[in-house]
$ cat start.cif   # mmCIF, C-alpha atoms and all ligand atoms
data_protein
loop_
_atom_site.label_atom_id
_atom_site.label_comp_id
_atom_site.auth_asym_id
_atom_site.auth_seq_id
_atom_site.Cartn_x
_atom_site.Cartn_y
_atom_site.Cartn_z
CA VAL A 1 115.95 82.98 76.42
CA GLY A 2 112.95 84.75 77.97
CA THR A 3 110.07 83.33 79.98
CA LEU A 4 106.43 82.88 79.06
CA TYR A 5 104.21 83.76 82.02
CA ILE A 6 100.63 82.43 82.15
CA VAL A 7 98.70 85.06 84.08
CA PRO A 8 95.16 84.63 85.41
CA THR A 9 92.93 87.72 85.49
CA PRO A 10 89.68 88.28 87.45
CA ILE A 11 86.46 86.42 86.55
CA GLY A 12 84.36 89.43 87.53
CA ASN A 13 85.74 91.22 90.57
CA LEU A 14 88.68 93.42 89.59
CA ALA A 15 90.12 93.21 93.12
CA ASP A 16 90.84 89.52 92.59
CA ILE A 17 94.08 90.00 90.63
CA SER A 18 97.26 89.13 92.56
CA GLU A 19 100.16 91.45 93.30
CA ARG A 20 102.41 89.03 91.48
CA ALA A 21 100.17 89.05 88.40
CA LEU A 22 100.28 92.86 88.29
CA ALA A 23 104.07 92.87 88.68
CA VAL A 24 104.52 90.36 85.86
CA LEU A 25 102.13 92.24 83.55
CA ARG A 26 104.06 95.44 84.24
CA GLU A 27 107.51 93.93 83.73
CA VAL A 28 107.18 91.69 80.67
CA ASN A 29 108.08 93.02 77.22
CA ALA A 30 104.61 92.37 75.84
CA ILE A 31 101.28 90.73 76.66
CA ALA A 32 99.45 88.28 74.41
CA ALA A 33 95.69 88.64 74.92
CA GLU A 34 92.62 86.94 73.52
CA ASP A 35 90.92 90.27 72.83
CA THR A 36 93.22 93.28 72.90
CA ARG A 37 90.38 95.80 73.28
CA HIS A 38 88.87 93.98 76.25
CA SER A 39 92.26 93.41 77.92
CA GLY A 40 93.35 96.97 77.11
CA GLN A 41 90.55 98.25 79.33
CA LEU A 42 91.47 95.83 82.10
CA LEU A 43 95.14 96.87 82.02
CA GLN A 44 94.16 100.52 81.95
CA HIS A 45 92.21 99.95 85.16
CA TYR A 46 95.43 98.75 86.82
CA GLY A 47 97.47 101.56 85.27
CA ILE A 48 99.52 99.17 83.14
CA ARG A 49 100.72 100.43 79.79
CA ASN A 50 102.38 97.62 77.91
CA GLU A 51 102.43 96.29 74.37
CA LEU A 52 99.39 94.10 73.71
CA PHE A 53 98.99 91.73 70.80
CA ALA A 54 96.23 89.30 69.86
CA LEU A 55 96.48 85.56 70.41
CA HIS A 56 93.13 83.85 70.10
CA GLU A 57 91.77 80.51 68.97
CA HIS A 58 91.75 81.59 65.30
CA ASN A 59 95.38 82.74 65.08
CA GLU A 60 97.07 80.75 67.87
CA ARG A 61 98.77 78.24 65.58
CA GLN A 62 100.02 80.88 63.21
CA ARG A 63 101.10 83.34 65.97
CA THR A 64 102.90 80.77 68.08
CA ALA A 65 106.03 80.67 65.91
CA HIS A 66 106.37 84.44 66.14
CA VAL A 67 105.86 84.40 69.92
CA ILE A 68 108.49 81.68 70.39
CA GLU A 69 110.90 83.69 68.24
CA ARG A 70 110.50 86.70 70.54
CA LEU A 71 111.00 84.49 73.61
CA GLN A 72 114.12 82.96 72.08
CA GLN A 73 115.47 86.45 71.48
CA GLY A 74 115.35 86.95 75.24
CA GLN A 75 112.06 88.78 75.62
CA SER A 76 109.66 87.81 78.38
CA LEU A 77 105.98 87.62 77.51
CA ALA A 78 102.71 87.12 79.39
CA LEU A 79 99.61 85.33 78.18
CA ILE A 80 96.21 86.42 79.47
CA SER A 81 92.68 85.52 78.39
CA ASP A 82 89.47 87.53 78.62
CA ALA A 83 88.86 86.28 82.15
CA GLY A 84 90.21 83.75 84.59
CA THR A 85 92.99 81.28 83.93
CA PRO A 86 94.35 80.95 80.38
CA LEU A 87 94.11 77.45 78.82
CA ILE A 88 91.05 76.61 80.95
CA SER A 89 88.42 76.60 78.17
CA ASP A 90 90.57 79.39 76.71
CA PRO A 91 93.47 79.65 74.21
CA GLY A 92 97.09 78.91 75.06
CA TYR A 93 97.50 75.15 74.81
CA VAL A 94 99.36 75.22 71.49
CA LEU A 95 101.65 78.00 72.70
CA VAL A 96 102.54 76.33 76.01
CA GLN A 97 103.03 72.94 74.38
CA GLN A 98 105.38 74.42 71.78
CA CYS A 99 107.29 76.52 74.31
CA ARG A 100 107.89 73.37 76.35
CA ALA A 101 108.98 71.52 73.22
CA ALA A 102 111.38 74.36 72.30
CA GLY A 103 112.86 74.52 75.81
CA VAL A 104 111.39 77.95 76.55
CA PRO A 105 110.63 78.33 80.28
CA VAL A 106 106.93 78.59 81.13
CA VAL A 107 105.82 79.94 84.50
CA ALA A 108 102.14 79.70 85.37
CA LEU A 109 100.74 81.94 88.10
CA PRO A 110 97.83 80.76 90.26
CA GLY A 111 94.72 82.89 90.29
CA PRO A 112 91.01 83.24 89.54
CA CYS A 113 89.30 80.33 87.81
CA ALA A 114 85.56 79.67 87.65
CA ILE A 115 86.03 75.91 88.25
CA THR A 116 87.74 76.14 91.62
CA THR A 117 85.71 79.15 92.75
CA ALA A 118 82.42 77.38 91.96
CA LEU A 119 83.48 74.08 93.49
CA SER A 120 84.78 75.55 96.72
CA GLY A 121 81.47 77.32 97.34
CA ALA A 122 79.07 74.63 96.12
CA GLY A 123 78.90 72.16 98.97
CA LEU A 124 79.42 69.11 96.77
CA ALA A 125 82.21 66.59 97.25
CA THR A 126 85.52 68.03 96.04
CA ASP A 127 87.94 65.26 96.98
CA ARG A 128 87.71 64.10 93.37
CA PHE A 129 86.10 65.93 90.46
CA THR A 130 86.14 65.98 86.69
CA PHE A 131 86.00 69.10 84.53
CA GLU A 132 83.94 68.50 81.39
CA GLY A 133 84.31 71.97 79.83
CA PHE A 134 81.35 73.27 77.84
CA LEU A 135 78.61 70.75 77.06
CA PRO A 136 78.00 70.33 73.31
CA ALA A 137 75.61 72.96 71.91
CA LYS A 138 73.47 70.46 69.98
CA GLY A 139 70.92 68.42 71.93
CA GLN A 140 71.78 65.03 70.51
CA GLN A 141 75.51 65.45 71.15
CA ARG A 142 74.84 66.87 74.62
CA ARG A 143 72.70 63.87 75.59
CA LYS A 144 75.36 61.52 74.27
CA THR A 145 78.02 63.27 76.36
CA LEU A 146 75.80 63.14 79.47
CA ASN A 147 74.94 59.49 78.89
CA ALA A 148 78.62 58.59 78.87
CA LEU A 149 78.86 60.15 82.36
CA LEU A 150 76.02 58.11 83.91
CA ALA A 151 78.31 55.98 86.08
CA GLU A 152 80.89 58.74 86.79
CA PRO A 153 81.50 58.66 90.56
CA ARG A 154 83.30 62.02 90.77
CA THR A 155 81.64 65.44 90.99
CA MET A 156 81.24 66.74 87.42
CA VAL A 157 81.86 70.39 86.55
CA PHE A 158 80.49 71.95 83.35
CA TYR A 159 80.69 75.46 81.91
CA GLU A 160 77.40 76.43 80.34
CA SER A 161 76.09 79.29 78.25
CA PRO A 162 72.97 81.16 79.43
CA HIS A 163 71.38 80.51 76.00
CA ARG A 164 71.46 76.78 76.58
CA ILE A 165 70.93 76.46 80.35
CA VAL A 166 67.23 75.52 80.10
CA ASP A 167 67.89 72.80 77.51
CA ALA A 168 70.93 71.54 79.42
CA LEU A 169 68.92 71.21 82.63
CA ALA A 170 66.19 69.29 80.78
CA ASP A 171 68.83 66.90 79.41
CA LEU A 172 70.43 66.49 82.85
CA HIS A 173 66.99 65.64 84.25
CA ALA A 174 66.27 63.14 81.46
CA THR A 175 69.68 61.47 81.82
CA PHE A 176 70.34 61.41 85.57
CA GLY A 177 66.75 61.52 86.88
CA ALA A 178 65.18 64.05 89.26
CA GLU A 179 67.02 63.24 92.48
CA ARG A 180 70.77 63.68 91.87
CA SER A 181 72.27 66.75 93.61
CA LEU A 182 73.05 69.69 91.33
CA VAL A 183 74.47 73.16 91.93
CA LEU A 184 74.27 76.07 89.50
CA ALA A 185 76.80 78.80 90.33
CA ARG A 186 76.11 82.06 88.54
CA GLU A 187 77.94 85.39 88.20
CA LEU A 188 80.69 84.35 90.61
CA THR A 189 82.56 87.22 92.30
CA LYS A 190 80.07 89.71 90.76
CA GLN A 191 77.12 91.69 92.13
CA PHE A 192 74.52 89.03 91.40
CA GLU A 193 76.53 85.99 92.47
CA THR A 194 74.07 83.15 93.13
CA TYR A 195 74.30 79.47 94.03
CA LEU A 196 71.17 77.42 93.30
CA SER A 197 71.43 74.00 94.85
CA GLY A 198 69.17 71.04 95.37
CA THR A 199 68.06 68.07 93.35
CA ILE A 200 68.20 68.32 89.55
CA ALA A 201 64.40 68.77 89.55
CA GLU A 202 64.57 71.55 92.16
CA VAL A 203 67.32 73.50 90.39
CA GLU A 204 65.52 73.09 87.06
CA ALA A 205 62.24 74.36 88.56
CA ALA A 206 64.00 77.37 90.15
CA VAL A 207 65.64 78.31 86.83
CA LEU A 208 62.39 77.91 84.88
CA ALA A 209 60.50 80.00 87.44
CA ASP A 210 62.87 83.00 87.29
CA SER A 211 64.34 84.21 84.00
CA ASN A 212 67.04 86.11 85.94
CA GLN A 213 68.50 82.70 86.76
CA GLN A 214 68.94 82.12 83.03
CA ARG A 215 71.33 85.07 82.64
CA GLY A 216 75.03 85.70 83.09
CA GLU A 217 78.01 83.38 83.39
CA MET A 218 77.41 79.99 84.91
CA VAL A 219 78.98 76.77 86.13
CA LEU A 220 76.99 73.56 86.64
CA MET A 221 78.16 70.99 89.16
CA LEU A 222 76.60 67.56 89.35
CA ALA A 223 77.16 65.09 92.19
CA GLY A 224 78.82 61.84 91.15
CA ALA A 225 76.93 58.55 90.85
CA PRO A 226 76.16 57.21 94.32
CA GLN A 227 78.68 54.57 95.39
CA SER A 228 77.47 51.55 97.31
CA THR A 229 78.74 52.07 100.87
CA ASN A 230 79.69 48.44 101.32
CA SER A 231 81.29 47.97 97.92
CA ASP A 232 84.20 46.18 99.58
CA ASP A 233 81.78 43.44 100.61
CA THR A 234 79.64 43.22 97.49
CA GLY A 235 82.55 43.23 95.00
CA PRO A 236 83.78 39.68 95.77
CA ALA A 237 80.20 38.43 96.19
CA LEU A 238 79.25 39.70 92.74
CA ALA A 239 82.34 38.15 91.21
CA THR A 240 81.44 34.79 92.79
CA LEU A 241 77.88 35.11 91.52
CA GLN A 242 79.15 35.74 87.99
CA LEU A 243 81.42 32.67 88.23
CA LEU A 244 78.53 30.53 89.47
CA ARG A 245 76.28 31.78 86.66
CA ARG A 246 78.88 30.68 84.14
CA GLU A 247 79.19 27.24 85.74
CA LEU A 248 75.54 26.50 86.51
CA PRO A 249 73.18 25.17 83.83
N1 LIG A 301 89.39 80.72 81.67
C1 LIG A 301 88.15 80.90 82.40
C2 LIG A 301 88.30 80.36 83.82
O1 LIG A 301 89.43 80.30 84.31
O2 LIG A 301 87.31 80.02 84.45
C3 LIG A 301 86.98 80.28 81.67
C4 LIG A 301 86.79 80.82 80.28
S1 LIG A 301 85.37 80.17 79.47
C5 LIG A 301 85.55 80.82 77.85
C6 LIG A 301 84.04 81.14 80.09
C7 LIG A 301 83.07 80.33 80.95
O3 LIG A 301 83.60 80.20 82.26
C8 LIG A 301 81.70 80.96 81.12
O4 LIG A 301 80.83 80.66 80.05
C9 LIG A 301 81.23 80.33 82.42
O5 LIG A 301 80.76 79.03 82.19
C10 LIG A 301 82.56 80.26 83.21
N2 LIG A 301 82.73 81.49 84.00
C11 LIG A 301 83.65 82.46 83.81
N3 LIG A 301 83.50 83.44 84.72
C12 LIG A 301 82.45 83.08 85.50
C13 LIG A 301 81.79 83.69 86.62
N4 LIG A 301 82.17 84.87 87.08
N5 LIG A 301 80.74 83.03 87.18
C14 LIG A 301 80.35 81.83 86.70
N6 LIG A 301 80.93 81.23 85.65
C15 LIG A 301 81.96 81.84 85.05
#
$ encode --input "start.cif" --output "structure tokens"
Amino acid sequence: VGTLYIVPTPIGNLADISERALAVLREVNAIAAEDTRHSGQLLQHYGIRNELFALHEHNERQRTAHVIERLQQGQSLALISDAGTPLISDPGYVLVQQCRAAGVPVVALPGPCAITTALSGAGLATDRFTFEGFLPAKGQQRRKTLNALLAEPRTMVFYESPHRIVDALADLHATFGAERSLVLARELTKQFETYLSGTIAEVEAAVLADSNQQRGEMVLMLAGAPQSTNSDDTGPALATLQLLRRELP
């Protein structure tokens, strides 16, 4: 039985691919890509000529059986997405799940990913964080999603589309108030890489003031809800207070 390799590709800077990724892409029997035209150009840049076939969100379920068949025949395959790490807001989940279920070895390579790149340069707490993917496109759903995160103590990471950044910032402001720390990381690893950081109100004002800040690929990172520094002391006190309330007339 062959191996399925999950291979990250650059999120902007073509020099960010690893030697190991290039070796795997060269040596496998074929490469499954989200968009064969886009990935064809990428592979051409690295001088890799290999069979490419399409595996995207619309055909993943139907293609998976065929891919597993090839793996079971002993072929090794690689999965890549348009940019960054496959399965991270990209196709591949069904394929990996079914390979695991069928006993086909899966080897994931480390590499470029907008989440970790953005977080490591943002200056927000990274000891614990939660990745929320793309915020819903519709306002009402977006506000509902944000509301559910009001008490979240971990740093929150969102992918956002440039078409919705202004509305998303307005909803963040309305939900979390003006003062929470926010970082907008844009065009990471590319020519116009920018980090805008400050309070929600400051980042929103900077984006509204300059339409260039509304363009390109972006990651939003929101600081977690402030934790009371002496929570160890107040926890028992609050519990006692609640007990007393129940007992007292
Ligand atoms: N699989 C990718 C990864 O590993 O990051 C993410 C794919 S997702 C479809 C695309 C989104 O990732 C973009 O809309 C943006 O939010 C984020 N992204 C990708 N590349 C980026 C970059 N160079 N700078 C900032 N954000 C980026």
$ residues_near_ligand --input "start.cif" --ligand "ligand LIG 301 (chain A)" --cutoff "10 Å" --atoms "only C-alpha atoms and all ligand atoms" --output "MDAnalysis selection string"
chainID A and resid 8:13 80:91 111:118 133:135 157:162 184:195 216:220
$ atom_distance --input "start.cif" --atom1 "atom CA of A:Leu42" --atom2 "atom CA of A:Ala21"
12.7 Å
$ axis_aligned_box --input "start.cif" --around "stretch 49-65 of chain A" --padding-each-side "4 Å" --output "JSON"
{"center_x": 98.9, "center_y": 89.3, "center_z": 71.5, "size_x": 22.3, "size_y": 30.2, "size_z": 24.6}
$ atom_distance --input "start.cif" --atom1 "atom CA of A:Leu25" --atom2 "atom CA of A:Gln62"
23.4 Å
$ residues_near_point --input "start.cif" --point "(71.0, 66.9, 90.8)" --cutoff "7 Å" --atoms "only C-alpha atoms" --output "ChimeraX atom specification"
/A:178-182,198-201,222-223
$ closest_residue --input "start.cif" --among "A:Leu79, A:Ala108, A:Leu71, A:Ala65" --to "A:Glu34" --atoms "only C-alpha atoms"
A:Leu79
$ build_atoms --input "start.cif" --residues "stretch 177-209 of chain A" --atoms "N, CA and C atoms" --output "PDB file, in the frame of the given file"
ATOM      1  N   GLY A 177      67.935  61.586  86.033  1.00  0.00           N
ATOM      2  CA  GLY A 177      66.750  61.520  86.880  1.00  0.00           C
ATOM      3  C   GLY A 177      66.589  62.791  87.703  1.00  0.00           C
ATOM      4  N   ALA A 178      65.542  62.827  88.534  1.00  0.00           N
ATOM      5  CA  ALA A 178      65.180  64.050  89.260  1.00  0.00           C
ATOM      6  C   ALA A 178      66.009  64.260  90.520  1.00  0.00           C
ATOM      7  N   GLU A 179      66.560  63.188  91.081  1.00  0.00           N
ATOM      8  CA  GLU A 179      67.020  63.240  92.480  1.00  0.00           C
ATOM      9  C   GLU A 179      68.487  63.554  92.711  1.00  0.00           C
ATOM     10  N   ARG A 180      69.330  63.436  91.703  1.00  0.00           N
ATOM     11  CA  ARG A 180      70.770  63.680  91.870  1.00  0.00           C
ATOM     12  C   ARG A 180      70.996  65.138  92.303  1.00  0.00           C
ATOM     13  N   SER A 181      71.977  65.379  93.165  1.00  0.00           N
ATOM     14  CA  SER A 181      72.270  66.750  93.610  1.00  0.00           C
ATOM     15  C   SER A 181      72.957  67.548  92.511  1.00  0.00           C
ATOM     16  N   LEU A 182      72.509  68.800  92.360  1.00  0.00           N
ATOM     17  CA  LEU A 182      73.050  69.690  91.330  1.00  0.00           C
ATOM     18  C   LEU A 182      73.218  71.082  91.931  1.00  0.00           C
ATOM     19  N   VAL A 183      74.286  71.759  91.514  1.00  0.00           N
ATOM     20  CA  VAL A 183      74.470  73.160  91.930  1.00  0.00           C
ATOM     21  C   VAL A 183      74.736  73.993  90.687  1.00  0.00           C
ATOM     22  N   LEU A 184      74.020  75.105  90.578  1.00  0.00           N
ATOM     23  CA  LEU A 184      74.270  76.070  89.500  1.00  0.00           C
ATOM     24  C   LEU A 184      74.869  77.310  90.147  1.00  0.00           C
ATOM     25  N   ALA A 185      76.125  77.611  89.797  1.00  0.00           N
ATOM     26  CA  ALA A 185      76.800  78.800  90.330  1.00  0.00           C
ATOM     27  C   ALA A 185      76.812  79.856  89.240  1.00  0.00           C
ATOM     28  N   ARG A 186      76.287  81.032  89.555  1.00  0.00           N
ATOM     29  CA  ARG A 186      76.110  82.060  88.540  1.00  0.00           C
ATOM     30  C   ARG A 186      76.794  83.368  88.948  1.00  0.00           C
ATOM     31  N   GLU A 187      77.401  84.041  87.978  1.00  0.00           N
ATOM     32  CA  GLU A 187      77.940  85.390  88.200  1.00  0.00           C
ATOM     33  C   GLU A 187      78.898  85.444  89.401  1.00  0.00           C
ATOM     34  N   LEU A 188      79.755  84.448  89.485  1.00  0.00           N
ATOM     35  CA  LEU A 188      80.690  84.350  90.610  1.00  0.00           C
ATOM     36  C   LEU A 188      81.547  85.606  90.723  1.00  0.00           C
ATOM     37  N   THR A 189      81.752  86.039  91.920  1.00  0.00           N
ATOM     38  CA  THR A 189      82.560  87.220  92.300  1.00  0.00           C
ATOM     39  C   THR A 189      81.920  88.544  91.857  1.00  0.00           C
ATOM     40  N   LYS A 190      80.721  88.480  91.252  1.00  0.00           N
ATOM     41  CA  LYS A 190      80.070  89.710  90.760  1.00  0.00           C
ATOM     42  C   LYS A 190      78.879  90.062  91.650  1.00  0.00           C
ATOM     43  N   GLN A 191      78.220  91.167  91.308  1.00  0.00           N
ATOM     44  CA  GLN A 191      77.120  91.690  92.130  1.00  0.00           C
ATOM     45  C   GLN A 191      76.003  90.670  92.334  1.00  0.00           C
ATOM     46  N   PHE A 192      75.664  89.944  91.281  1.00  0.00           N
ATOM     47  CA  PHE A 192      74.520  89.030  91.400  1.00  0.00           C
ATOM     48  C   PHE A 192      74.946  87.579  91.549  1.00  0.00           C
ATOM     49  N   GLU A 193      76.074  87.359  92.219  1.00  0.00           N
ATOM     50  CA  GLU A 193      76.530  85.990  92.470  1.00  0.00           C
ATOM     51  C   GLU A 193      75.423  85.172  93.150  1.00  0.00           C
ATOM     52  N   THR A 194      75.131  84.000  92.582  1.00  0.00           N
ATOM     53  CA  THR A 194      74.070  83.150  93.130  1.00  0.00           C
ATOM     54  C   THR A 194      74.477  81.678  93.041  1.00  0.00           C
ATOM     55  N   TYR A 195      74.198  80.940  94.092  1.00  0.00           N
ATOM     56  CA  TYR A 195      74.300  79.470  94.030  1.00  0.00           C
ATOM     57  C   TYR A 195      72.888  78.922  94.158  1.00  0.00           C
ATOM     58  N   LEU A 196      72.440  78.125  93.174  1.00  0.00           N
ATOM     59  CA  LEU A 196      71.170  77.420  93.300  1.00  0.00           C
ATOM     60  C   LEU A 196      71.545  75.973  93.530  1.00  0.00           C
ATOM     61  N   SER A 197      71.081  75.393  94.625  1.00  0.00           N
ATOM     62  CA  SER A 197      71.430  74.000  94.850  1.00  0.00           C
ATOM     63  C   SER A 197      70.228  73.207  95.304  1.00  0.00           C
ATOM     64  N   GLY A 198      70.260  71.934  95.013  1.00  0.00           N
ATOM     65  CA  GLY A 198      69.170  71.040  95.370  1.00  0.00           C
ATOM     66  C   GLY A 198      69.231  69.822  94.488  1.00  0.00           C
ATOM     67  N   THR A 199      68.077  69.175  94.307  1.00  0.00           N
ATOM     68  CA  THR A 199      68.060  68.070  93.350  1.00  0.00           C
ATOM     69  C   THR A 199      68.020  68.671  91.944  1.00  0.00           C
ATOM     70  N   ILE A 200      68.280  67.835  90.940  1.00  0.00           N
ATOM     71  CA  ILE A 200      68.200  68.320  89.550  1.00  0.00           C
ATOM     72  C   ILE A 200      66.830  68.945  89.316  1.00  0.00           C
ATOM     73  N   ALA A 201      65.760  68.267  89.771  1.00  0.00           N
ATOM     74  CA  ALA A 201      64.400  68.770  89.550  1.00  0.00           C
ATOM     75  C   ALA A 201      64.191  70.123  90.231  1.00  0.00           C
ATOM     76  N   GLU A 202      64.746  70.281  91.430  1.00  0.00           N
ATOM     77  CA  GLU A 202      64.570  71.550  92.160  1.00  0.00           C
ATOM     78  C   GLU A 202      65.314  72.702  91.470  1.00  0.00           C
ATOM     79  N   VAL A 203      66.547  72.436  91.053  1.00  0.00           N
ATOM     80  CA  VAL A 203      67.320  73.500  90.390  1.00  0.00           C
ATOM     81  C   VAL A 203      66.652  73.854  89.061  1.00  0.00           C
ATOM     82  N   GLU A 204      66.189  72.843  88.340  1.00  0.00           N
ATOM     83  CA  GLU A 204      65.520  73.090  87.060  1.00  0.00           C
ATOM     84  C   GLU A 204      64.265  73.952  87.283  1.00  0.00           C
ATOM     85  N   ALA A 205      63.476  73.604  88.293  1.00  0.00           N
ATOM     86  CA  ALA A 205      62.240  74.360  88.560  1.00  0.00           C
ATOM     87  C   ALA A 205      62.573  75.811  88.931  1.00  0.00           C
ATOM     88  N   ALA A 206      63.636  76.008  89.732  1.00  0.00           N
ATOM     89  CA  ALA A 206      64.000  77.370  90.150  1.00  0.00           C
ATOM     90  C   ALA A 206      64.447  78.207  88.951  1.00  0.00           C
ATOM     91  N   VAL A 207      65.150  77.575  88.016  1.00  0.00           N
ATOM     92  CA  VAL A 207      65.640  78.310  86.830  1.00  0.00           C
ATOM     93  C   VAL A 207      64.471  78.629  85.891  1.00  0.00           C
ATOM     94  N   LEU A 208      63.552  77.682  85.754  1.00  0.00           N
ATOM     95  CA  LEU A 208      62.390  77.910  84.880  1.00  0.00           C
ATOM     96  C   LEU A 208      61.480  79.004  85.455  1.00  0.00           C
ATOM     97  N   ALA A 209      61.426  79.069  86.791  1.00  0.00           N
ATOM     98  CA  ALA A 209      60.500  80.000  87.440  1.00  0.00           C
ATOM     99  C   ALA A 209      61.006  81.447  87.424  1.00  0.00           C
TER     100      ALA A 209
END
